[in-house]
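Source file: start_21.csv; contents: CSV, C-alpha atoms and all ligand atoms.
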```csv
chain,number,residue,atom,x,y,z
T,1,MET,CA,-28.1,-4.3,2.5
T,2,THR,CA,-25.2,-6.7,3.1
T,3,ASP,CA,-22.0,-6.1,1.2
T,4,SER,CA,-20.3,-9.3,-0.1
T,5,VAL,CA,-16.6,-9.0,0.3
T,6,ALA,CA,-13.6,-10.8,-1.3
T,7,ILE,CA,-10.3,-10.3,0.5
T,8,LEU,CA,-7.1,-11.0,-1.5
T,9,GLY,CA,-4.3,-11.4,1.0
T,10,SER,CA,-6.5,-12.3,4.0
T,11,THR,CA,-3.8,-13.8,6.2
T,12,GLY,CA,-1.6,-10.6,6.0
T,13,SER,CA,-1.9,-7.7,8.4
T,14,VAL,CA,-4.4,-5.7,6.3
T,15,GLY,CA,-6.4,-8.8,5.5
T,16,ALA,CA,-6.7,-9.8,9.2
T,17,SER,CA,-7.6,-6.2,10.2
T,18,THR,CA,-10.3,-6.2,7.5
T,19,LEU,CA,-11.8,-9.4,9.0
T,20,GLU,CA,-11.7,-7.8,12.5
T,21,VAL,CA,-13.9,-4.9,11.1
T,22,ILE,CA,-16.2,-7.3,9.4
T,23,ARG,CA,-16.5,-9.3,12.6
T,24,LEU,CA,-17.8,-6.2,14.3
T,25,ASN,CA,-20.4,-5.5,11.6
T,26,PRO,CA,-21.9,-8.9,10.7
T,27,ASP,CA,-25.2,-7.4,9.5
T,28,ARG,CA,-23.4,-5.2,6.9
T,29,TYR,CA,-20.7,-7.5,5.5
T,30,GLN,CA,-20.5,-11.1,4.5
T,31,VAL,CA,-17.2,-12.7,3.4
T,32,ASN,CA,-17.6,-14.4,0.0
T,33,ALA,CA,-14.0,-15.2,-1.0
T,34,LEU,CA,-10.6,-15.3,0.6
T,35,ALA,CA,-7.1,-15.6,-0.9
T,36,ALA,CA,-3.7,-16.1,0.6
T,37,SER,CA,-0.3,-17.3,-0.4
T,38,SER,CA,0.5,-20.3,1.9
T,39,ASN,CA,-0.6,-19.8,5.5
T,40,THR,CA,-3.0,-22.7,5.8
T,41,GLN,CA,-3.5,-22.7,9.6
T,42,LEU,CA,-4.7,-19.1,9.7
T,43,MET,CA,-6.8,-19.6,6.5
T,44,LEU,CA,-8.4,-22.6,8.1
T,45,GLU,CA,-9.4,-20.5,11.1
T,46,GLN,CA,-10.7,-17.8,8.9
T,47,CYS,CA,-12.8,-20.4,6.9
T,48,ILE,CA,-14.2,-21.8,10.1
T,49,GLU,CA,-15.3,-18.4,11.3
T,50,PHE,CA,-16.3,-16.6,8.1
T,51,ARG,CA,-17.5,-19.5,5.9
T,52,PRO,CA,-16.5,-18.0,2.5
T,53,ALA,CA,-17.8,-19.8,-0.6
T,54,ARG,CA,-14.5,-19.9,-2.3
T,55,VAL,CA,-10.8,-19.8,-1.3
T,56,VAL,CA,-7.5,-19.5,-3.2
T,57,MET,CA,-4.2,-20.6,-1.9
T,58,VAL,CA,-1.6,-19.4,-4.4
T,59,ASP,CA,0.8,-22.1,-3.2
T,60,GLN,CA,-0.2,-25.4,-4.7
T,61,ALA,CA,0.9,-27.6,-1.8
T,62,ALA,CA,-0.9,-25.3,0.6
T,63,ALA,CA,-4.1,-25.6,-1.4
T,64,ILE,CA,-3.9,-29.4,-1.1
T,65,ARG,CA,-3.2,-29.2,2.6
T,66,LEU,CA,-6.1,-26.8,3.1
T,67,ARG,CA,-8.6,-29.1,1.2
T,68,THR,CA,-7.7,-32.0,3.6
T,69,MET,CA,-8.1,-29.8,6.7
T,70,LEU,CA,-11.4,-28.3,5.5
T,71,THR,CA,-12.8,-31.8,4.8
T,72,ALA,CA,-11.7,-32.9,8.3
T,73,HIS,CA,-13.8,-30.1,9.7
T,74,GLY,CA,-16.8,-31.0,7.5
T,75,LEU,CA,-16.5,-27.7,5.5
T,76,GLU,CA,-17.4,-27.7,1.8
T,77,ILE,CA,-15.4,-24.8,0.4
T,78,ASP,CA,-14.1,-24.6,-3.1
T,79,VAL,CA,-10.2,-24.2,-2.9
T,80,GLN,CA,-8.3,-23.2,-6.1
T,81,SER,CA,-4.7,-22.6,-6.7
T,82,GLY,CA,-2.2,-21.8,-9.5
T,83,ALA,CA,-2.0,-19.2,-12.3
T,84,GLY,CA,-5.2,-17.2,-12.8
T,85,SER,CA,-6.7,-18.4,-9.6
T,86,LEU,CA,-6.7,-15.0,-7.9
T,87,GLU,CA,-8.5,-13.4,-10.8
T,88,SER,CA,-11.0,-16.3,-10.8
T,89,LEU,CA,-12.2,-15.0,-7.4
T,90,ILE,CA,-13.4,-11.8,-8.9
T,91,THR,CA,-17.0,-12.5,-9.7
T,92,PRO,CA,-20.3,-10.6,-9.4
T,93,ALA,CA,-20.8,-12.6,-6.2
T,94,SER,CA,-18.5,-10.0,-4.5
T,95,ASN,CA,-19.4,-6.3,-4.8
T,96,THR,CA,-16.4,-5.3,-2.7
T,97,VAL,CA,-12.8,-6.5,-3.3
T,98,VAL,CA,-10.0,-5.8,-0.8
T,99,CYS,CA,-6.7,-5.9,-2.6
T,100,ALA,CA,-4.0,-6.6,0.0
T,101,ILE,CA,-1.4,-8.7,-1.7
T,102,VAL,CA,2.1,-7.5,-1.2
T,103,GLY,CA,4.2,-6.6,-4.3
T,104,ALA,CA,3.6,-6.6,-8.0
T,105,ALA,CA,2.0,-10.0,-7.6
T,106,GLY,CA,-1.3,-8.2,-6.7
T,107,LEU,CA,-1.4,-6.3,-10.0
T,108,SER,CA,-3.5,-8.5,-12.3
T,109,SER,CA,-6.1,-9.3,-9.6
T,110,THR,CA,-6.5,-5.6,-8.8
T,111,LEU,CA,-7.0,-4.9,-12.5
T,112,ALA,CA,-9.6,-7.7,-12.7
T,113,ALA,CA,-11.5,-6.2,-9.8
T,114,VAL,CA,-11.5,-2.8,-11.4
T,115,ARG,CA,-12.7,-4.2,-14.7
T,116,ALA,CA,-15.5,-6.0,-12.9
T,117,GLY,CA,-16.8,-2.6,-11.8
T,118,ALA,CA,-16.5,-3.5,-8.1
T,119,ARG,CA,-15.8,-1.3,-5.1
T,120,VAL,CA,-12.1,-1.8,-4.9
T,121,LEU,CA,-10.2,-1.2,-1.6
T,122,ILE,CA,-6.6,-0.9,-2.5
T,123,ALA,CA,-4.0,-1.6,0.2
T,124,ASN,CA,-1.1,-2.8,-2.0
T,125,LYS,CA,0.8,0.2,-3.3
T,126,GLU,CA,2.3,-1.4,-6.4
T,127,PRO,CA,-0.7,-1.2,-8.8
T,128,LEU,CA,-1.2,2.5,-8.1
T,129,VAL,CA,2.6,3.2,-8.3
T,130,MET,CA,3.1,1.3,-11.5
T,131,LEU,CA,-0.1,2.2,-13.3
T,132,GLY,CA,-1.8,5.0,-11.3
T,133,GLN,CA,-3.4,7.1,-14.0
T,134,TYR,CA,-4.1,4.0,-16.1
T,135,ILE,CA,-6.0,2.3,-13.3
T,136,MET,CA,-8.0,5.4,-12.4
T,137,ASP,CA,-9.0,5.8,-16.1
T,138,LEU,CA,-9.9,2.1,-16.2
T,139,ALA,CA,-12.0,2.6,-13.1
T,140,ARG,CA,-14.0,5.4,-14.6
T,141,ARG,CA,-14.7,3.4,-17.8
T,142,HIS,CA,-15.9,0.3,-15.8
T,143,GLU,CA,-17.7,2.4,-13.1
T,144,ALA,CA,-15.5,0.9,-10.4
T,145,GLU,CA,-15.0,2.7,-7.1
T,146,ILE,CA,-11.4,3.0,-6.0
T,147,LEU,CA,-11.0,3.5,-2.2
T,148,PRO,CA,-7.5,3.9,-0.8
T,149,LEU,CA,-6.6,1.8,2.3
T,150,ASP,CA,-3.1,3.2,2.7
T,151,SER,CA,-3.5,5.3,5.9
T,152,GLU,CA,-2.1,8.5,4.4
T,153,HIS,CA,-4.2,8.3,1.2
T,154,ASN,CA,-7.3,7.3,3.1
T,155,ALA,CA,-6.7,10.4,5.3
T,156,ILE,CA,-6.4,12.6,2.3
T,157,PHE,CA,-9.5,11.0,0.8
T,158,GLN,CA,-11.4,11.8,4.1
T,159,CYS,CA,-10.2,15.5,3.9
T,160,LEU,CA,-11.3,16.0,0.3
T,161,PRO,CA,-14.7,17.5,-0.7
T,162,GLY,CA,-17.5,15.0,-1.5
T,163,GLY,CA,-17.5,15.9,-5.2
T,164,TRP,CA,-13.8,15.0,-5.6
T,165,GLN,CA,-14.3,11.8,-3.6
T,166,GLN,CA,-16.8,10.7,-6.2
T,167,THR,CA,-14.6,11.5,-9.2
T,168,LEU,CA,-11.3,10.3,-7.8
T,169,GLY,CA,-8.4,10.3,-10.3
T,170,ALA,CA,-9.8,13.0,-12.6
T,171,ARG,CA,-7.4,15.8,-13.4
T,172,GLY,CA,-8.3,19.4,-12.5
T,173,GLY,CA,-9.7,18.8,-9.0
T,174,LYS,CA,-7.1,21.0,-7.4
T,175,GLU,CA,-8.4,24.1,-9.2
T,176,ARG,CA,-12.1,23.1,-9.1
T,177,TYR,CA,-12.1,22.6,-5.4
T,178,GLY,CA,-9.7,25.3,-4.3
T,179,ILE,CA,-6.9,23.1,-3.0
T,180,ARG,CA,-3.4,24.4,-2.5
T,181,ARG,CA,-1.6,21.2,-1.7
T,182,LEU,CA,-1.7,17.8,-0.1
T,183,ILE,CA,0.5,17.2,2.9
T,184,LEU,CA,1.6,13.6,3.2
T,185,THR,CA,2.9,12.7,6.6
T,186,GLY,CA,5.4,10.0,7.5
T,187,SER,CA,6.8,8.9,10.8
T,188,GLY,CA,10.4,9.1,9.4
T,189,GLY,CA,10.8,5.4,10.2
T,190,PRO,CA,13.0,3.8,12.9
T,191,PHE,CA,16.2,5.5,11.7
T,192,ARG,CA,14.9,9.1,11.6
T,193,THR,CA,17.7,10.3,14.0
T,194,PHE,CA,20.5,8.1,12.6
T,195,ASP,CA,23.4,9.6,10.7
T,196,LEU,CA,24.8,8.1,7.5
T,197,GLU,CA,27.5,6.2,9.3
T,198,GLN,CA,25.0,4.5,11.6
T,199,LEU,CA,22.7,3.7,8.6
T,200,GLU,CA,25.6,1.7,7.1
T,201,HIS,CA,25.4,-0.9,9.9
T,202,VAL,CA,21.6,-1.4,10.2
T,203,THR,CA,20.5,-5.0,10.3
T,204,PRO,CA,17.2,-6.4,8.9
T,205,GLU,CA,15.9,-7.0,12.4
T,206,GLN,CA,16.4,-3.3,13.3
T,207,ALA,CA,14.8,-2.2,10.0
T,208,CYS,CA,11.8,-4.4,10.6
T,209,ALA,CA,11.1,-2.9,14.1
T,210,HIS,CA,8.9,0.1,13.3
T,211,PRO,CA,8.1,2.4,16.3
T,212,ASN,CA,4.4,3.0,15.5
T,213,TRP,CA,3.0,0.6,13.0
T,214,LYS,CA,3.0,-3.2,12.9
T,215,MET,CA,3.7,-4.1,9.3
T,216,GLY,CA,5.1,-6.9,7.1
T,217,ARG,CA,8.9,-7.1,6.5
T,218,LYS,CA,9.0,-5.6,3.0
T,219,ILE,CA,7.0,-2.5,3.9
T,220,SER,CA,9.0,-2.1,7.2
T,221,VAL,CA,12.3,-1.9,5.3
T,222,ASP,CA,10.6,0.6,2.8
T,223,SER,CA,9.6,2.6,5.8
T,224,ALA,CA,13.2,2.6,7.2
T,225,THR,CA,14.7,3.8,3.8
T,226,MET,CA,11.7,6.1,3.4
T,227,MET,CA,11.1,4.6,0.0
T,228,ASN,CA,7.6,3.8,1.4
T,229,LYS,CA,6.9,7.6,1.6
T,230,GLY,CA,8.3,8.0,-1.9
T,231,LEU,CA,6.1,5.3,-3.3
T,232,GLU,CA,3.1,6.9,-1.4
T,233,LEU,CA,3.9,10.2,-3.2
T,234,ILE,CA,3.7,8.5,-6.6
T,235,GLU,CA,0.6,6.7,-5.5
T,236,ALA,CA,-1.0,10.0,-4.4
T,237,CYS,CA,-0.2,11.6,-7.8
T,238,GLY,CA,-2.2,8.8,-9.6
T,239,LEU,CA,-5.1,8.5,-7.1
T,240,PHE,CA,-5.8,12.2,-6.9
T,241,GLY,CA,-4.7,13.3,-10.4
T,242,LEU,CA,-2.0,15.6,-9.2
T,243,ASN,CA,1.6,16.4,-10.0
T,244,GLU,CA,4.4,15.7,-7.5
T,245,GLN,CA,5.0,19.4,-6.8
T,246,ASP,CA,1.4,19.6,-5.5
T,247,ILE,CA,2.3,17.2,-2.7
T,248,ASP,CA,4.6,18.0,0.3
T,249,ILE,CA,6.1,15.4,2.5
T,250,VAL,CA,6.3,16.2,6.3
T,251,ILE,CA,7.9,14.1,9.0
T,252,HIS,CA,5.5,13.6,11.9
T,253,PRO,CA,7.1,11.1,14.3
T,254,GLN,CA,3.9,10.4,16.4
T,255,SER,CA,1.9,9.0,13.4
T,256,VAL,CA,-1.3,10.4,14.7
T,257,VAL,CA,-2.0,13.0,12.0
T,258,HIS,CA,-2.2,10.7,9.0
T,259,SER,CA,-2.1,13.4,6.3
T,260,MET,CA,-3.7,16.7,5.5
T,261,VAL,CA,-5.2,18.8,2.7
T,262,GLU,CA,-4.6,22.6,2.5
T,263,TYR,CA,-7.2,24.7,0.8
T,264,VAL,CA,-6.5,28.1,-0.9
T,265,ASP,CA,-8.1,30.0,2.0
T,266,GLY,CA,-5.3,28.7,4.2
T,267,SER,CA,-7.5,26.1,6.0
T,268,ILE,CA,-5.7,22.7,6.6
T,269,LEU,CA,-7.9,19.7,7.2
T,270,ALA,CA,-6.3,16.7,8.9
T,271,GLN,CA,-7.4,13.2,9.7
T,272,ILE,CA,-6.3,12.2,13.1
T,273,SER,CA,-6.6,8.8,14.9
T,274,ASN,CA,-4.6,6.2,16.7
T,275,PRO,CA,-2.2,4.5,14.2
T,276,ASP,CA,-4.5,1.5,13.5
T,277,MET,CA,-5.2,0.1,10.0
T,278,LYS,CA,-8.7,-0.7,11.1
T,279,VAL,CA,-9.6,3.0,10.9
T,280,PRO,CA,-8.9,3.5,7.1
T,281,ILE,CA,-10.3,0.0,6.5
T,282,ALA,CA,-13.6,0.8,8.2
T,283,ASN,CA,-13.7,4.1,6.4
T,284,ALA,CA,-13.3,2.5,3.0
T,285,LEU,CA,-15.7,-0.4,3.7
T,286,GLY,CA,-18.4,1.9,5.0
T,287,TRP,CA,-18.0,5.0,2.8
T,288,PRO,CA,-19.9,7.3,2.5
T,289,GLN,CA,-21.3,6.0,5.8
T,290,ARG,CA,-19.3,5.4,9.0
T,291,VAL,CA,-19.0,2.0,10.7
T,292,ASP,CA,-17.4,0.9,13.9
T,293,SER,CA,-13.8,-0.1,13.3
T,294,GLY,CA,-13.0,-1.4,16.8
T,295,ALA,CA,-10.0,0.9,17.0
T,296,GLU,CA,-9.3,2.5,20.3
T,297,SER,CA,-10.5,6.1,20.7
T,298,LEU,CA,-7.5,8.5,20.6
T,299,ASN,CA,-6.7,10.0,24.0
T,300,LEU,CA,-5.6,13.5,23.1
T,301,PHE,CA,-4.1,14.1,26.5
T,302,THR,CA,-1.9,11.0,26.3
T,303,ALA,CA,-1.0,11.9,22.6
T,304,GLY,CA,0.0,15.2,24.1
T,305,ARG,CA,1.9,16.9,21.3
T,306,PHE,CA,2.3,16.6,17.5
T,307,ASP,CA,5.7,17.4,16.0
T,308,PHE,CA,6.4,18.2,12.4
T,309,GLU,CA,9.8,18.5,10.6
T,310,PRO,CA,11.0,18.6,7.0
T,311,PRO,CA,12.4,15.3,5.6
T,312,ASP,CA,16.1,14.9,5.0
T,313,TYR,CA,16.4,14.3,1.2
T,314,ASP,CA,20.2,13.8,1.4
T,315,LYS,CA,20.0,11.1,4.1
T,316,PHE,CA,17.0,9.4,2.7
T,317,SER,CA,17.7,9.6,-1.0
T,318,ALA,CA,14.9,7.3,-1.8
T,319,LEU,CA,12.6,10.3,-1.4
T,320,LYS,CA,14.5,12.1,-4.2
T,321,LEU,CA,14.5,9.0,-6.4
T,322,ALA,CA,10.7,8.8,-6.0
T,323,ARG,CA,10.1,12.5,-6.8
T,324,ASP,CA,12.3,12.1,-9.9
T,325,ALA,CA,10.3,9.1,-11.0
T,326,ALA,CA,7.0,10.8,-10.4
T,327,LYS,CA,8.2,13.8,-12.5
T,328,SER,CA,9.5,11.6,-15.3
T,329,GLY,CA,6.2,9.6,-15.4
T,330,GLY,CA,5.8,6.8,-18.0
T,331,THR,CA,7.5,3.6,-16.8
T,332,ALA,CA,9.8,5.4,-14.3
T,333,PRO,CA,7.7,4.5,-11.3
T,334,ALA,CA,7.4,0.9,-12.4
T,335,LEU,CA,11.2,0.7,-12.7
T,336,LEU,CA,11.7,2.3,-9.3
T,337,ASN,CA,9.2,-0.1,-7.7
T,338,ALA,CA,10.7,-3.3,-9.2
T,339,ALA,CA,14.3,-2.4,-8.5
T,340,ASN,CA,13.3,-1.5,-4.9
T,341,GLU,CA,11.5,-4.9,-4.4
T,342,VAL,CA,14.6,-6.8,-5.5
T,343,ALA,CA,17.0,-4.6,-3.5
T,344,VAL,CA,14.9,-4.9,-0.3
T,345,GLN,CA,14.8,-8.7,-0.7
T,346,ALA,CA,18.6,-8.8,-1.2
T,347,PHE,CA,19.0,-6.8,2.0
T,348,LEU,CA,16.6,-9.1,4.0
T,349,ASN,CA,18.6,-12.1,2.7
T,350,GLY,CA,21.8,-10.5,4.1
T,351,GLU,CA,23.3,-10.1,0.6
T,352,ILE,CA,23.6,-6.3,0.6
T,353,THR,CA,23.9,-3.5,3.2
T,354,PHE,CA,21.1,-1.2,4.1
T,355,THR,CA,22.4,1.9,2.4
T,356,ARG,CA,23.0,-0.2,-0.8
T,357,ILE,CA,19.2,-0.6,-1.2
T,358,THR,CA,18.6,2.9,-2.6
T,359,GLN,CA,22.0,2.9,-4.4
T,360,LEU,CA,21.0,-0.2,-6.4
T,361,VAL,CA,17.6,1.4,-7.2
T,362,ALA,CA,19.4,4.6,-8.4
T,363,GLU,CA,21.9,2.6,-10.5
T,364,THR,CA,18.9,0.7,-12.1
T,365,MET,CA,17.0,3.9,-12.8
T,366,ASP,CA,20.2,5.3,-14.5
T,367,LYS,CA,20.6,2.3,-16.8
T,368,ILE,CA,17.2,1.3,-17.9
T,369,PRO,CA,15.5,3.6,-20.4
T,370,ILE,CA,12.1,5.1,-19.5
T,371,THR,CA,9.1,4.5,-21.9
T,372,SER,CA,6.7,7.4,-21.8
T,373,ASP,CA,3.7,5.3,-23.0
T,374,ILE,CA,2.2,3.7,-19.9
T,375,ASN,CA,-0.1,0.6,-20.1
T,376,LEU,CA,-0.1,-2.9,-18.7
T,377,ALA,CA,2.4,-4.2,-21.3
T,378,THR,CA,5.0,-1.4,-20.9
T,379,ALA,CA,4.7,-1.5,-17.1
T,380,LEU,CA,5.3,-5.2,-16.9
T,381,GLU,CA,8.2,-5.0,-19.3
T,382,ALA,CA,9.8,-2.2,-17.2
T,383,ASP,CA,9.1,-4.3,-14.1
T,384,ARG,CA,10.9,-7.3,-15.7
T,385,ALA,CA,13.9,-5.4,-17.0
T,386,ALA,CA,14.4,-3.6,-13.7
T,387,ARG,CA,14.2,-6.8,-11.7
T,388,GLN,CA,16.7,-8.5,-13.9
T,389,PHE,CA,19.2,-5.6,-13.9
T,390,CYS,CA,18.9,-5.0,-10.1
T,391,ALA,CA,19.2,-8.7,-9.3
T,392,ALA,CA,22.5,-8.8,-11.3
T,393,LEU,CA,23.8,-5.8,-9.4
T,394,ALA,CA,22.8,-7.3,-6.0
T,395,SER,CA,24.6,-10.6,-6.9
T,396,LEU,CA,27.8,-8.7,-7.7
T,397,ASP,CA,27.5,-7.1,-4.2
T,398,CYS,CA,26.9,-10.4,-2.7
T,399,LYS,CA,30.1,-11.9,-4.2
T,400,LEU,CA,32.1,-8.9,-3.0
T,401,VAL,CA,30.8,-9.4,0.6
T,402,LEU,CA,31.6,-13.1,0.5
T,501,MG,MG,1.2,4.3,4.5
```

Starting from the file, give its structure as structure tokens.
Ligand code: MG
Amino acid sequence: MTDSVAILGSTGSVGASTLEVIRLNPDRYQVNALAASSNTQLMLEQCIEFRPARVVMVDQAAAIRLRTMLTAHGLEIDVQSGAGSLESLITPASNTVVCAIVGAAGLSSTLAAVRAGARVLIANKEPLVMLGQYIMDLARRHEAEILPLDSEHNAIFQCLPGGWQQTLGARGGKERYGIRRLILTGSGGPFRTFDLEQLEHVTPEQACAHPNWKMGRKISVDSATMMNKGLELIEACGLFGLNEQDIDIVIHPQSVVHSMVEYVDGSILAQISNPDMKVPIANALGWPQRVDSGAESLNLFTAGRFDFEPPDYDKFSALKLARDAAKSGGTAPALLNAANEVAVQAFLNGEITFTRITQLVAETMDKIPITSDINLATALEADRAARQFCAALASLDCKLVL
């Protein structure tokens, strides 16, 4: 049987890697719909190769350009744009939806895919950070299958027993399946060995040069502050129905052990591979079967050694902020995520220093009250309030710098 796939965020790094896996398995997967923000040239190339029935370019001018380009190539593909266009791609024509749109912008299309009862491969962290438990409950009601693409969460998924994989998000799995803890690994980012003084002078270019993974700019900065690991902790709580104290964070600079699960008998299962997003993508596309990912086989002799060290919660205070937000629950993770998005953008724009990113997030968390009732409306309101507050803080900083 051929799976029909919609890829939201097809021109980003996860989207492009998904298409590479599909290219290797043409008998199993067929591309039905693609969506991107504004990269018309790459979208044109993807349309020529994969012939989707429908395309969304979120940017209106890009949609107009793409229509002209497609006509010039003799391709008849429906191109939509504007509000609601992403959700309009979620139809029964696609049984698999890859959600790879960066930031809170991917939220409503992810919810639409879950409501449609699709197999939903989630790469964007924000929906699971802002609304983890809510989304997992929604998935059970609509019989949607959630499969994590984030390499750590996919690694944990692979190390869980089959019964738990089939009831992802349900509480009580820890006791039922004899699990002691999850071990979330992180490379420690490019500044793992920096001291606080050195962190003060970090530039956006340094922050975006990750030693092991090739990623977009926002997630590269998150990796450098270690907010990425903090967001992943929150994401894991929602996905696997656990509390933050059930999950340890371990620094593993080689990024080869992608995460682990420890059972009560003392066994630790790990998922190990080259750091290549095609591995978790192929796992999620194929599950419960295995398909060729095209990723290079791991050479254990070259990999040589695996190091593990505890994270420095003082130097990387984002980790502590994220643990606190996970513990508080309610709208706290949504506040954290929104403030972080604004602060990272301000850093990338040269408006604030690197160490101010987490300080602005902490100040926002201090000031905006947390609502314990979590649903789409309360999450969006928290998102809006945190963005507004954090942007005001960042602009104050900016004036001081000038
Ligand atoms: Mg990750």

May I ask you to write as an NGL selection string all residues lying at most 7 Å from ligand MG 501 (chain T), with only C-alpha atoms and all ligand atoms counted? :T and (150-152 or 232)

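If you look at atom CA of Gly103 of chain T and atom CA of Asn349 of chain T, they are 16.9 Å away from each other.
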
Got a sec: who's within 12 Å of Phe194 of chain T, counting all atoms listed in the file, leaving out chain neighbours fewer than 3 positions off, as a PyMOL selection string? chain T and resi 188-191+197-202+224-225+312+315-316

Selection above as a file: C-alpha atoms, as a PDB file, in the coordinates of the input:
```pdb
ATOM      1  CA  GLY T 188      10.400   9.100   9.400  1.00  0.00           C
ATOM      2  CA  GLY T 189      10.800   5.400  10.200  1.00  0.00           C
ATOM      3  CA  PRO T 190      13.000   3.800  12.900  1.00  0.00           C
ATOM      4  CA  PHE T 191      16.200   5.500  11.700  1.00  0.00           C
ATOM      5  CA  GLU T 197      27.500   6.200   9.300  1.00  0.00           C
ATOM      6  CA  GLN T 198      25.000   4.500  11.600  1.00  0.00           C
ATOM      7  CA  LEU T 199      22.700   3.700   8.600  1.00  0.00           C
ATOM      8  CA  GLU T 200      25.600   1.700   7.100  1.00  0.00           C
ATOM      9  CA  HIS T 201      25.400  -0.900   9.900  1.00  0.00           C
ATOM     10  CA  VAL T 202      21.600  -1.400  10.200  1.00  0.00           C
ATOM     11  CA  ALA T 224      13.200   2.600   7.200  1.00  0.00           C
ATOM     12  CA  THR T 225      14.700   3.800   3.800  1.00  0.00           C
ATOM     13  CA  ASP T 312      16.100  14.900   5.000  1.00  0.00           C
ATOM     14  CA  LYS T 315      20.000  11.100   4.100  1.00  0.00           C
ATOM     15  CA  PHE T 316      17.000   9.400   2.700  1.00  0.00           C
TER      16      PHE T 316
END
```

Excluding segment 26-39 of chain T and residues on its chain fewer than 2 positions from it, collect all residues at most 7 Å away from it, counting all atoms listed in the file, and give them as a PyMOL selection string. chain T and resi 1-11+22-24+41-43+50+52-59+62+89+94

Find the residues of segment 65-132 of chain T that sit at most 10 Å from segment 364-387 of chain T; for each, write down the nearest two atoms and how far apart they are in Å, to one decimal. Count all atoms listed in the file. Sort by chain, then by number going up, and give it as CSV.
```
residue,atom,partner,partner_atom,distance
T:Ala104,CA,T:Asp383,CA,8.5
T:Leu107,CA,T:Leu376,CA,9.4
T:Ser108,CA,T:Leu376,CA,9.2
T:Leu111,CA,T:Leu376,CA,9.5
T:Pro127,CA,T:Ala379,CA,9.9
T:Met130,CA,T:Ala379,CA,6.5
T:Leu131,CA,T:Asn375,CA,7.0
T:Gly132,CA,T:Ile374,CA,9.6
```

Is it possible to add N, CA and C atoms to segment 54-66 of chain T and hand it back as a compact mmCIF listing (two decimals), in the coordinates of the input?
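Wrote out.txt, looks like this:
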```txt
# COMPACT_ATOMS: atom_id res chain seq x y z
N ARG T 54 -15.62 -19.46 -1.53
CA ARG T 54 -14.50 -19.90 -2.30
C ARG T 54 -13.17 -19.34 -1.71
N VAL T 55 -12.09 -20.15 -1.88
CA VAL T 55 -10.80 -19.80 -1.30
C VAL T 55 -9.72 -20.05 -2.37
N VAL T 56 -8.71 -19.18 -2.40
CA VAL T 56 -7.50 -19.50 -3.20
C VAL T 56 -6.30 -19.50 -2.31
N MET T 57 -5.51 -20.56 -2.44
CA MET T 57 -4.20 -20.60 -1.90
C MET T 57 -3.23 -20.58 -3.05
N VAL T 58 -2.45 -19.52 -3.19
CA VAL T 58 -1.60 -19.40 -4.40
C VAL T 58 -0.61 -20.56 -4.46
N ASP T 59 -0.09 -20.94 -3.31
CA ASP T 59 0.80 -22.10 -3.20
C ASP T 59 0.06 -23.38 -3.40
N GLN T 60 0.49 -24.20 -4.38
CA GLN T 60 -0.20 -25.40 -4.70
C GLN T 60 -0.28 -26.43 -3.57
N ALA T 61 0.87 -26.62 -2.93
CA ALA T 61 0.90 -27.60 -1.80
C ALA T 61 0.04 -27.13 -0.67
N ALA T 62 0.00 -25.83 -0.45
CA ALA T 62 -0.90 -25.30 0.60
C ALA T 62 -2.33 -25.53 0.30
N ALA T 63 -2.69 -25.41 -0.98
CA ALA T 63 -4.10 -25.60 -1.40
C ALA T 63 -4.48 -27.09 -1.09
N ILE T 64 -3.57 -28.01 -1.37
CA ILE T 64 -3.90 -29.40 -1.10
C ILE T 64 -4.03 -29.67 0.38
N ARG T 65 -3.13 -29.09 1.17
CA ARG T 65 -3.20 -29.20 2.60
C ARG T 65 -4.55 -28.66 3.15
N LEU T 66 -4.92 -27.48 2.64
CA LEU T 66 -6.10 -26.80 3.10
C LEU T 66 -7.37 -27.65 2.80
```
